[in-house]
Structures are given as C-alpha cells and as structure tokens.
>>> print(open('my_file.txt').read())   # compact mmCIF, C-alpha atoms
# COMPACT_ATOMS: atom_id res chain seq x y z
CA MET A 1 88.11 148.06 216.35
CA GLN A 2 88.00 147.31 220.06
CA CYS A 3 90.42 149.34 222.20
CA LYS A 4 91.09 148.56 225.85
CA HIS A 5 90.89 152.26 226.73
CA PHE A 6 88.33 153.71 224.31
CA GLY A 7 85.99 150.82 223.61
CA GLU A 8 84.65 150.63 220.07
CA CYS A 9 86.27 153.76 218.74
CA GLY A 10 88.91 153.36 216.08
CA SER A 11 90.50 156.78 216.58
CA CYS A 12 93.84 155.21 217.55
CA SER A 13 94.28 153.35 214.29
CA LEU A 14 97.78 152.06 215.10
CA TYR A 15 96.98 150.89 218.61
CA GLY A 16 97.38 147.19 217.73
CA LYS A 17 101.17 147.63 217.43
CA SER A 18 103.66 148.44 220.15
CA TYR A 19 104.80 152.03 220.28
CA PRO A 20 108.38 151.20 219.13
CA ALA A 21 106.89 149.33 216.15
CA GLN A 22 104.68 152.32 215.29
CA LEU A 23 107.64 154.69 215.48
CA ALA A 24 109.74 152.42 213.28
CA GLU A 25 106.90 152.34 210.73
CA LYS A 26 106.74 156.13 210.67
CA MET A 27 110.52 156.37 210.30
CA GLY A 28 110.31 154.06 207.30
CA ARG A 29 107.53 156.10 205.71
CA LEU A 30 109.34 159.40 206.22
CA SER A 31 112.60 157.95 204.91
CA GLY A 32 110.83 156.85 201.75
CA MET A 33 109.21 160.24 201.26
CA LEU A 34 112.49 162.12 201.69
CA GLU A 35 114.60 159.68 199.64
CA PRO A 36 114.57 161.78 196.44
CA PHE A 37 116.12 164.66 198.43
CA TYR A 38 117.98 163.07 201.36
CA ARG A 39 119.39 159.63 202.08
CA GLY A 40 121.15 160.31 205.37
CA ALA A 41 120.08 159.38 208.88
CA ILE A 42 116.80 160.72 210.22
CA THR A 43 116.80 161.60 213.93
CA PRO A 44 113.66 160.38 215.73
CA PHE A 45 112.11 162.35 218.58
CA PRO A 46 109.71 159.87 220.19
CA SER A 47 106.79 160.71 222.43
CA PRO A 48 106.24 159.24 225.87
CA ASP A 49 103.88 156.31 225.41
CA ALA A 50 101.31 157.84 227.81
CA HIS A 51 100.38 161.22 229.29
CA TYR A 52 101.89 163.27 226.49
CA ARG A 53 99.09 165.49 225.20
CA ALA A 54 98.80 168.95 226.76
CA ARG A 55 95.55 169.81 224.94
CA ALA A 56 92.34 167.82 224.79
CA GLU A 57 88.79 168.52 223.66
CA TYR A 58 85.78 166.40 224.58
CA LYS A 59 82.10 166.39 223.80
CA ILE A 60 79.83 166.01 226.84
CA PHE A 61 77.27 163.25 226.47
CA HIS A 62 74.19 163.31 228.73
CA ASP A 63 72.07 160.25 229.51
CA GLU A 64 70.03 158.90 232.41
CA ALA A 65 73.24 157.95 234.22
CA GLY A 66 74.61 161.52 234.08
CA CYS A 67 77.38 163.35 232.20
CA HIS A 68 80.22 161.65 230.35
CA TYR A 69 83.26 162.66 228.34
CA ALA A 70 82.77 161.53 224.76
CA MET A 71 84.47 161.56 221.37
CA ARG A 72 82.90 161.19 217.97
CA HIS A 73 83.33 157.78 216.36
CA LEU A 74 85.18 157.61 213.08
CA ASP A 75 81.89 156.88 211.32
CA LYS A 76 80.80 160.43 212.35
CA LYS A 77 77.36 159.09 213.30
CA ARG A 78 77.76 158.31 217.00
CA PHE A 79 79.72 159.12 220.12
CA VAL A 80 81.95 156.93 222.25
CA THR A 81 81.89 157.65 225.98
CA LEU A 82 85.23 157.44 227.77
CA GLU A 83 86.21 155.66 230.95
CA ALA A 84 89.93 156.47 230.64
CA CYS A 85 92.15 158.68 228.51
CA PRO A 86 95.83 157.77 228.94
CA MET A 87 97.03 160.15 226.24
CA VAL A 88 96.39 163.37 228.22
CA ALA A 89 99.19 164.98 230.24
CA GLU A 90 99.39 164.24 233.95
CA PRO A 91 98.05 167.65 235.05
CA ILE A 92 94.87 166.96 233.07
CA ALA A 93 94.65 163.26 233.96
CA LYS A 94 94.69 163.85 237.71
CA ARG A 95 91.87 166.44 237.50
CA MET A 96 89.56 165.50 234.64
CA TRP A 97 87.66 162.68 236.37
CA LYS A 98 87.24 164.65 239.62
CA LEU A 99 86.01 167.52 237.48
CA MET A 100 83.40 165.32 235.83
CA GLU A 101 82.23 163.93 239.18
CA ARG A 102 81.61 167.43 240.49
CA ILE A 103 79.93 168.62 237.30
CA ASP A 104 77.69 165.54 237.25
CA ALA A 105 76.59 166.26 240.83
CA ASP A 106 75.83 169.94 240.18
CA ASP A 107 72.79 170.86 238.08
CA GLU A 108 74.01 174.43 237.63
CA LEU A 109 77.32 173.30 236.09
CA SER A 110 75.98 170.40 234.04
CA ARG A 111 72.87 172.02 232.55
CA ARG A 112 73.27 172.33 228.77
CA LEU A 113 77.02 171.73 228.97
CA PHE A 114 78.09 170.28 225.61
CA GLY A 115 81.89 170.41 225.60
CA ILE A 116 85.04 170.73 227.72
CA GLU A 117 88.49 171.80 226.52
CA PHE A 118 91.68 171.31 228.52
CA LEU A 119 94.98 173.16 228.19
CA SER A 120 97.87 172.22 230.47
CA ALA A 121 101.56 172.90 231.07
CA THR A 122 104.40 170.89 232.55
CA THR A 123 104.25 173.38 235.44
CA ASP A 124 101.04 171.55 236.56
CA GLU A 125 98.82 174.44 235.48
CA VAL A 126 95.50 173.54 233.86
CA LEU A 127 92.95 175.74 232.11
CA VAL A 128 89.45 174.36 231.52
CA THR A 129 87.00 175.87 229.04
CA MET A 130 83.37 174.79 229.59
CA LEU A 131 81.08 175.17 226.57
CA TYR A 132 77.34 175.75 227.00
CA HIS A 133 74.14 176.09 225.01
CA ARG A 134 72.79 178.70 227.44
CA LYS A 135 73.61 182.08 228.90
CA LEU A 136 75.94 181.94 231.91
CA ASP A 137 74.82 183.93 234.94
CA GLU A 138 75.97 184.73 238.48
CA ALA A 139 74.74 181.40 239.79
CA TRP A 140 76.95 179.56 237.29
CA GLU A 141 79.91 181.80 238.11
CA GLU A 142 79.56 181.14 241.84
CA ARG A 143 79.53 177.37 241.32
CA ALA A 144 82.37 177.51 238.79
CA ARG A 145 84.54 179.52 241.19
CA ALA A 146 84.01 176.92 243.89
CA LEU A 147 84.95 174.19 241.41
CA GLN A 148 88.04 176.10 240.32
CA GLU A 149 89.20 176.47 243.93
CA ALA A 150 88.53 172.83 244.82
CA LEU A 151 90.50 171.33 241.94
CA GLY A 152 93.36 173.82 241.60
CA LEU A 153 92.72 174.91 238.02
CA TRP A 154 91.37 177.90 236.09
CA ILE A 155 87.97 177.96 234.41
CA ILE A 156 86.56 179.85 231.44
CA GLY A 157 82.88 179.63 230.54
CA ARG A 158 81.74 180.09 226.95
CA SER A 159 78.35 180.27 225.33
CA ARG A 160 77.02 182.03 222.24
CA LYS A 161 78.48 185.59 222.20
CA GLN A 162 79.66 185.18 225.81
CA LYS A 163 83.03 184.47 227.42
CA VAL A 164 83.46 184.46 231.21
CA VAL A 165 87.07 184.40 232.45
CA LEU A 166 87.08 183.68 236.17
CA GLU A 167 90.78 184.20 236.81
CA ARG A 168 93.03 183.98 233.76
CA GLU A 169 92.97 182.69 230.19
CA TYR A 170 96.42 181.13 229.84
CA VAL A 171 98.82 178.63 231.36
CA THR A 172 102.54 179.26 231.66
CA GLU A 173 104.75 176.58 230.18
CA ALA A 174 108.39 176.03 231.18
CA LEU A 175 110.62 174.04 228.81
CA GLU A 176 114.24 173.25 229.53
CA VAL A 177 116.24 173.36 226.30
CA ALA A 178 119.96 173.92 225.72
CA GLY A 179 120.71 174.48 229.39
CA ARG A 180 118.07 177.16 229.86
CA THR A 181 114.42 177.21 230.89
CA TRP A 182 112.15 178.98 228.40
CA HIS A 183 108.79 180.30 229.56
CA TYR A 184 105.71 180.64 227.37
CA ARG A 185 102.17 181.83 227.96
CA HIS A 186 99.79 179.51 226.17
CA TYR A 187 96.39 181.13 225.68
CA GLU A 188 93.03 179.40 225.54
CA GLN A 189 91.92 178.48 222.01
CA SER A 190 95.22 179.63 220.49
CA PHE A 191 97.68 177.41 218.66
CA THR A 192 100.28 175.68 220.84
CA GLN A 193 102.41 172.60 220.25
CA PRO A 194 100.31 169.73 221.67
CA ASN A 195 103.14 167.53 223.00
CA PRO A 196 105.58 169.44 225.26
CA PHE A 197 108.01 166.53 225.47
CA VAL A 198 108.44 166.32 221.71
CA ASN A 199 108.32 170.12 221.48
CA ARG A 200 111.46 170.30 223.63
CA GLY A 201 113.16 168.05 221.09
CA MET A 202 111.92 170.16 218.17
CA ILE A 203 113.34 173.35 219.67
CA ALA A 204 116.64 171.65 220.55
CA TRP A 205 116.95 170.21 217.03
CA ALA A 206 116.21 173.58 215.40
CA MET A 207 118.76 175.32 217.65
CA THR A 208 121.41 172.73 216.80
CA GLN A 209 120.83 173.16 213.07
CA ALA A 210 120.76 176.97 213.34
CA HIS A 211 124.04 176.92 215.28
CA ARG A 212 125.62 174.62 212.70
CA TYR A 213 124.33 176.10 209.46
CA GLY A 214 122.90 179.54 210.35
CA ARG A 215 124.05 182.62 208.45
CA GLY A 216 123.25 186.34 208.69
CA ASP A 217 120.15 187.61 210.47
CA PHE A 218 117.25 185.31 211.35
CA CYS A 219 113.70 185.40 210.00
CA GLU A 220 110.77 183.21 211.02
CA LEU A 221 107.52 182.95 209.13
CA TYR A 222 104.40 181.56 210.87
CA ALA A 223 106.00 182.43 214.23
CA GLY A 224 102.97 181.84 216.44
CA ALA A 225 103.66 182.83 220.03
CA GLY A 226 107.42 182.55 219.59
CA ASN A 227 107.92 178.85 220.34
CA PHE A 228 110.96 178.64 218.04
CA THR A 229 111.61 182.33 217.51
CA ILE A 230 112.59 183.16 221.07
CA PRO A 231 115.22 180.45 221.69
CA LEU A 232 116.68 180.68 218.18
CA SER A 233 116.97 184.48 218.37
CA THR A 234 119.76 184.05 220.93
CA LEU A 235 121.96 182.61 218.15
CA PHE A 236 121.61 185.68 215.91
CA GLU A 237 122.26 189.40 216.17
CA LYS A 238 118.85 190.41 214.77
CA THR A 239 115.57 188.57 214.28
CA ILE A 240 112.37 189.45 212.45
CA ALA A 241 109.27 187.25 212.68
CA THR A 242 105.84 187.29 211.06
CA GLU A 243 102.51 185.99 212.32
CA ILE A 244 98.98 186.66 211.08
CA SER A 245 97.17 186.22 214.42
CA LYS A 246 96.90 189.36 216.55
CA ARG A 247 96.47 187.23 219.67
CA SER A 248 99.59 185.19 218.90
CA ILE A 249 101.60 188.39 218.41
CA LYS A 250 100.38 189.58 221.82
CA ALA A 251 101.48 186.31 223.41
CA ALA A 252 104.82 186.40 221.57
CA LEU A 253 105.59 189.87 222.93
CA GLU A 254 104.66 188.74 226.45
CA ASN A 255 106.87 185.68 226.03
CA CYS A 256 109.79 187.88 224.99
CA GLU A 257 109.37 189.76 228.26
CA LEU A 258 109.16 186.53 230.25
CA ASN A 259 112.46 185.40 228.74
CA GLY A 260 114.29 188.74 228.74
CA ILE A 261 114.56 188.85 224.92
CA ASP A 262 114.61 192.23 223.15
CA THR A 263 116.22 191.46 219.78
CA ILE A 264 113.09 190.29 217.94
CA THR A 265 110.83 192.42 215.77
CA PHE A 266 107.36 190.87 215.32
CA VAL A 267 105.17 192.02 212.43
CA ARG A 268 101.55 191.01 211.98
CA MET A 269 101.24 189.87 208.39
CA SER A 270 100.98 186.71 206.37
CA SER A 271 103.97 185.09 204.72
CA GLU A 272 102.53 186.13 201.36
CA GLU A 273 102.38 189.79 202.44
CA PHE A 274 105.89 189.66 203.89
CA THR A 275 107.14 188.23 200.60
CA GLU A 276 105.59 191.14 198.73
CA ALA A 277 107.13 193.61 201.19
CA LEU A 278 110.64 192.14 200.92
CA GLU A 279 110.39 192.07 197.13
CA GLY A 280 109.26 195.71 197.08
CA LYS A 281 105.94 194.91 195.43
CA ARG A 282 103.78 196.50 198.16
CA THR A 283 104.16 198.85 201.08
CA PHE A 284 102.41 198.21 204.39
CA THR A 285 101.60 200.67 207.17
CA ARG A 286 102.32 197.82 209.61
CA LEU A 287 105.97 198.09 208.52
CA LYS A 288 106.26 201.86 208.78
CA ASP A 289 108.55 201.58 211.81
CA VAL A 290 110.53 198.61 210.46
CA ASP A 291 113.54 199.15 208.20
CA LEU A 292 113.61 195.92 206.23
CA SER A 293 116.76 197.03 204.42
CA SER A 294 118.66 196.91 207.72
CA TYR A 295 118.23 193.12 207.90
CA ASP A 296 120.74 190.83 206.24
CA ILE A 297 118.56 187.75 206.37
CA GLY A 298 120.54 184.59 205.82
CA THR A 299 118.56 182.05 207.83
CA VAL A 300 114.81 181.44 207.74
CA LEU A 301 112.56 179.08 209.68
CA VAL A 302 109.14 178.13 208.35
CA ASP A 303 106.52 176.12 210.23
CA PRO A 304 103.54 176.36 207.87
CA PRO A 305 100.04 174.88 208.22
CA ARG A 306 99.24 171.51 206.64
CA ALA A 307 98.85 173.10 203.20
CA GLY A 308 102.57 173.87 203.19
CA LEU A 309 104.14 176.89 201.50
CA ASP A 310 102.57 178.98 198.77
CA GLU A 311 104.51 179.60 195.58
CA GLY A 312 105.58 183.12 196.57
CA THR A 313 106.95 181.99 199.94
CA ARG A 314 108.86 179.13 198.29
CA ARG A 315 110.37 181.66 195.91
CA LEU A 316 111.27 184.01 198.76
CA ILE A 317 112.97 181.51 201.08
CA ALA A 318 114.94 180.03 198.19
CA LYS A 319 116.95 183.27 198.26
CA PHE A 320 118.31 182.61 201.75
CA ASP A 321 121.41 180.59 202.61
CA THR A 322 119.80 178.36 205.23
CA ILE A 323 116.23 177.08 205.52
CA LEU A 324 114.83 175.35 208.58
CA TYR A 325 111.54 173.73 207.59
CA ILE A 326 109.30 172.30 210.32
CA SER A 327 106.41 170.42 208.76
CA CYS A 328 103.15 169.08 210.20
CA ASN A 329 102.45 167.39 206.85
CA PRO A 330 105.37 165.57 205.18
CA GLU A 331 103.35 165.24 201.97
CA THR A 332 103.36 169.01 201.39
CA LEU A 333 106.94 169.15 202.67
CA THR A 334 108.07 166.81 199.89
CA ARG A 335 106.07 168.85 197.37
CA ASP A 336 107.86 172.01 198.51
CA LEU A 337 111.23 170.23 198.45
CA GLU A 338 110.79 169.60 194.73
CA THR A 339 111.22 173.36 194.30
CA LEU A 340 113.67 174.08 197.11
CA ALA A 341 116.00 171.23 196.10
CA LYS A 342 116.76 173.11 192.88
CA THR A 343 118.72 175.71 194.90
CA HIS A 344 119.44 173.95 198.20
CA ARG A 345 120.47 170.55 199.50
CA VAL A 346 119.04 168.81 202.56
CA MET A 347 121.71 168.47 205.25
CA ASP A 348 119.73 166.84 208.07
CA ALA A 349 116.25 165.56 208.88
CA ALA A 350 114.20 164.61 211.92
CA LEU A 351 110.88 162.98 212.77
CA PHE A 352 108.84 164.54 215.57
CA ASP A 353 106.22 162.11 216.86
CA GLN A 354 103.82 164.56 218.47
CA PHE A 355 100.82 162.29 217.96
CA ALA A 356 101.67 158.83 219.24
CA TYR A 357 99.25 156.01 218.37
CA THR A 358 98.08 157.77 215.20
CA PRO A 359 99.41 157.69 211.62
CA HIS A 360 100.18 161.41 211.85
CA MET A 361 103.82 162.49 211.87
CA GLU A 362 105.75 165.76 211.78
CA ALA A 363 109.17 166.34 210.29
CA GLY A 364 112.03 168.80 210.12
CA VAL A 365 114.66 169.37 207.47
CA VAL A 366 117.51 171.84 207.20
CA LEU A 367 118.55 173.01 203.73
CA VAL A 368 121.74 174.85 202.75
CA LYS A 369 122.11 176.79 199.52
CA ASN A 370 124.20 175.24 196.79
CA GLN A 371 127.53 177.01 196.24
>>> encode(input="my_file.txt", output="structure tokens")
Amino acid sequence: MQCKHFGECGSCSLYGKSYPAQLAEKMGRLSGMLEPFYRGAITPFPSPDAHYRARAEYKIFHDEAGCHYAMRHLDKKRFVTLEACPMVAEPIAKRMWKLMERIDADDELSRRLFGIEFLSATTDEVLVTMLYHRKLDEAWEERARALQEALGLWIIGRSRKQKVVLEREYVTEALEVAGRTWHYRHYEQSFTQPNPFVNRGMIAWAMTQAHRYGRGDFCELYAGAGNFTIPLSTLFEKTIATEISKRSIKAALENCELNGIDTITFVRMSSEEFTEALEGKRTFTRLKDVDLSSYDIGTVLVDPPRAGLDEGTRRLIAKFDTILYISCNPETLTRDLETLAKTHRVMDAALFDQFAYTPHMEAGVVLVKNQ
C-alpha cells in the first residue's frame, strides 16, 4: 500500500480508515470476543492520533546519499527509508531528524552504525541507543558526548560484547493518575508500556476496579518495574509482587523509593514458581525472608505476555476473590476466560488502544468470584 508518511510500507495496515473508525472496529472485535463471558459496556481508552509512542527502533540504511532511518517492509525482503514518523512521542520527534543530520555529517558516528533505539518520557527526557558493527573507542565517545550535549539527550553506544553509557541508562517518567503524580525509571532495553497516554488510562482503570472490587491483600504477577503495582498498593494494606527479570526488580525497588512506597514485597520468580510456592509444592531460598502465610491475598493482577497464563497460574488465581487481568492479546485472554469463568464472573471490561493505526489491541477485565 502507499502511505503518505511511510511510502510503500504496509506496516500501518489500518491507515486507510480514520482513527475513530479504527477504534470502533476494534471495539466491535473485542465485544465479539468477550460476548460469551460479558455483554456489558466496554470502556475505550483511545490513543492520541499522533505522537503517542515513547519507544521506537529503526534500522540505519546507508547509501550514496548518506544515512537514513529505515524499517523493514512487510515482505521481509527490503527496507523502507523514512522521511517522517508521526507516531513517535514529541520528545523523540523534535530530536530524531537533527540527530540524523549530525550523524550523517560525522564519519566517526556514522561508520558501521546499523540501528538506533529511542526511549522517551513525558518529562521530555530522551535516551538514544546507537548500535554498531565495530568496537567503540575514545574517538567515538568524544563525538557522542558532543552530540549528547548539543541535542539535550542521553546516549548509549552498543556493539558486540560492549556497552558504553555516557551519562545514564534510563529516563524518568511522570504520570498523573488519581490526583497524584507517579514517577518511574524506565531503563534502556527493558520492558515499558509504549504509549504513556493510554498507560495513564490503564492505571486509572485498574485502580478504579481495585477500589470497587478489591478484597484482602494484593498480589501482582508479571509486575515488571511496578507500573501497576505501585499505584494499586496504596489501596491495600499489604502487597506482594513477582517478576522474573532481575533488572525489572531493581527498577521496581527504585520506583518504590521515588514514590515513597514501602508496603510492597518484590520477589524474583516466575508466576509458575510462585504458584508452586503458594501451594506448598516447592521451597525457594528467594523466599526465605518472606512469610507467605502472613498474606491474606484476595485480589490479584496479572499482565502476562502474549501467550497468556499457564495452567498452574490459572488454577492459582481462580482461588482469589478478585482478578484484574490486563491482556496484550485478547485471543489468549478469551482462552483463559473459558477456565476463569467457571469460578468468576466478568464485572467490567476495557479496551486500551496502545498501538493506534495497527490491528493490535489490548484489553482489561475484572472478575469477581461467584458466591
């Protein structure tokens, strides 16, 4: 297809329709998928129609005219060079083309550069990771520091078995939700929600449902860096959260400090391992200082990867009174609901349109145990 921004690309497969029409189409699809379990209203959380994506990754294409941002065509056989990218957040948009101009004019910065990754925050902070097929030396570092200073951003250089952090490796996000500003450190090459505007809505929706239906102590599986855990913990006396990534746990603990939260216990283990621990099937040295019996878990939030929940985790969360399920793949959500609907009923649902102009959609449902 021909796109006015991307040329012959095809990556924005819904671009021929207006954004409201795309959103309505997604709402219809999600409503149909959830119909066997829920026939009430679905709350939409739309994206801005431009400058909404806080993360972006580009290939760097070199030709006789210089360096260009590029993306792989859907046919996987060629690249499409970019002249504009209206999806990226404003902090990225106002820097990325100046960045490319300076890189293109500097042999030291452009030589064997094959990729650039951007990470931004609504605070106007931007982190740029430059990917190379060569060893980075002092000459590169000198030029990169000058570039960093000129454009008001932070730079990381990466090559095989090498990582050069010039200043810092994170941006600090600030999201206003429920009358309070929440601060998060988002680290380079770690998972973060890509659309901060929709993310605000996701957190607000989850807090509303937890306030309305929450019971007992709070547990979150797949907690990441505490995006949901930290705000929701303020609604409960005690919170325990699991996450498999050591780096995400580090960020989550830092984010607790940034927000003055001290009621959360983070444990580094998978949801499957945590299930075994709660069911008494295995003991873990990582839990030696955690008294699981002291928690009266009544509310659980899960935000699993696209594969959804494994059988053991479905079995575990079915024991709790209230389940908040945030899904990046409604197909596996509906699969999991076939099991969870045997013990719980869906009370509310939402659509989170993190990826405007694509068929992708994310959803949230809250389930309450049958009496």
>>> closest_residue(input="my_file.txt", among="A:Lys369, A:Arg247, A:Arg111, A:Arg212", to="A:Glu169", atoms="all atoms listed in the file")
A:Arg247
>>> residues_around(input="my_file.txt", residues="A:Met96", least_positions_apart="5", cutoff="12 Å", atoms="only C-alpha atoms", output="count of residues only")
29
>>> atom_distance(input="my_file.txt", atom1="atom CA of A:Gly157", atom2="atom CA of A:Leu131")
6.2 Å
>>> closest_atom_pairs(input="my_file.txt", of="stretch 141-166 of chain A", to="stretch 183-204 of chain A", cutoff="12 Å", atoms="all atoms listed in the file", output="Markdown table")
| residue | atom | partner | partner_atom | distance |
| --- | --- | --- | --- | --- |
| A:Trp154 | CA | A:Glu188 | CA | 10.8 |
| A:Ile155 | CA | A:Glu188 | CA | 10.3 |
| A:Ile156 | CA | A:Glu188 | CA | 8.8 |
| A:Gly157 | CA | A:Glu188 | CA | 11.3 |
| A:Arg158 | CA | A:Glu188 | CA | 11.4 |
| A:Lys163 | CA | A:Glu188 | CA | 11.4 |
| A:Val165 | CA | A:Glu188 | CA | 10.4 |
>>> residues_around(input="my_file.txt", residues="stretch 339-344 of chain A", least_positions_apart="6", cutoff="8 Å", atoms="all atoms listed in the file", output="PyMOL selection string")
chain A and resi 37+314+318+367-370
>>> write_last_selection(input="my_file.txt", atoms="C-alpha atoms", output="CSV table (one decimal), in the frame of the given file")
chain,number,residue,atom,x,y,z
A,37,PHE,CA,116.1,164.7,198.4
A,314,ARG,CA,108.9,179.1,198.3
A,318,ALA,CA,114.9,180.0,198.2
A,367,LEU,CA,118.6,173.0,203.7
A,368,VAL,CA,121.7,174.8,202.8
A,369,LYS,CA,122.1,176.8,199.5
A,370,ASN,CA,124.2,175.2,196.8
>>> residues_around(input="my_file.txt", residues="A:Leu23", least_positions_apart="3", cutoff="9 Å", atoms="all atoms listed in the file", output="compact mmCIF listing (two decimals) with C-alpha atoms, keeping the file's coordinate frame")
# COMPACT_ATOMS: atom_id res chain seq x y z
CA SER A 18 103.66 148.44 220.15
CA TYR A 19 104.80 152.03 220.28
CA PRO A 20 108.38 151.20 219.13
CA LYS A 26 106.74 156.13 210.67
CA MET A 27 110.52 156.37 210.30
CA GLY A 28 110.31 154.06 207.30
CA PRO A 44 113.66 160.38 215.73
CA PRO A 46 109.71 159.87 220.19
CA ASP A 353 106.22 162.11 216.86
CA ALA A 356 101.67 158.83 219.24
CA TYR A 357 99.25 156.01 218.37
>>> closest_residue(input="my_file.txt", among="A:Ala24, A:Leu30, A:Leu109, A:Val290", to="A:Ala349", atoms="all atoms listed in the file")
A:Leu30
>>> residues_around(input="my_file.txt", residues="stretch 326-333 of chain A", least_positions_apart="6", cutoff="7 Å", atoms="all atoms listed in the file", output="PDB file with C-alpha atoms, in the frame of the given file")
ATOM      1  CA  VAL A 302     109.140 178.130 208.350  1.00  0.00           C
ATOM      2  CA  ASP A 303     106.520 176.120 210.230  1.00  0.00           C
ATOM      3  CA  PRO A 304     103.540 176.360 207.870  1.00  0.00           C
ATOM      4  CA  PRO A 305     100.040 174.880 208.220  1.00  0.00           C
ATOM      5  CA  ARG A 306      99.240 171.510 206.640  1.00  0.00           C
ATOM      6  CA  ALA A 307      98.850 173.100 203.200  1.00  0.00           C
ATOM      7  CA  GLY A 308     102.570 173.870 203.190  1.00  0.00           C
ATOM      8  CA  MET A 361     103.820 162.490 211.870  1.00  0.00           C
ATOM      9  CA  GLU A 362     105.750 165.760 211.780  1.00  0.00           C
ATOM     10  CA  ALA A 363     109.170 166.340 210.290  1.00  0.00           C
ATOM     11  CA  GLY A 364     112.030 168.800 210.120  1.00  0.00           C
ATOM     12  CA  VAL A 365     114.660 169.370 207.470  1.00  0.00           C
TER      13      VAL A 365
END
>>> atom_distance(input="my_file.txt", atom1="atom CA of A:Arg180", atom2="atom CA of A:Glu257")
15.4 Å
>>> closest_residue(input="my_file.txt", among="A:Thr358, A:Thr283, A:Ser47, A:Thr265", to="A:Gly16", atoms="all atoms listed in the file")
A:Thr358
>>> residues_near_point(input="my_file.txt", point="(107.3, 179.5, 211.0)", cutoff="10 Å", atoms="all atoms listed in the file", output="ChimeraX atom specification")
/A:219-224,226-229,241-243,271,300-305,324-327
>>> closest_residue(input="my_file.txt", among="A:Pro231, A:Ala93, A:Asp321, A:Met87", to="A:Trp205", atoms="only C-alpha atoms")
A:Pro231
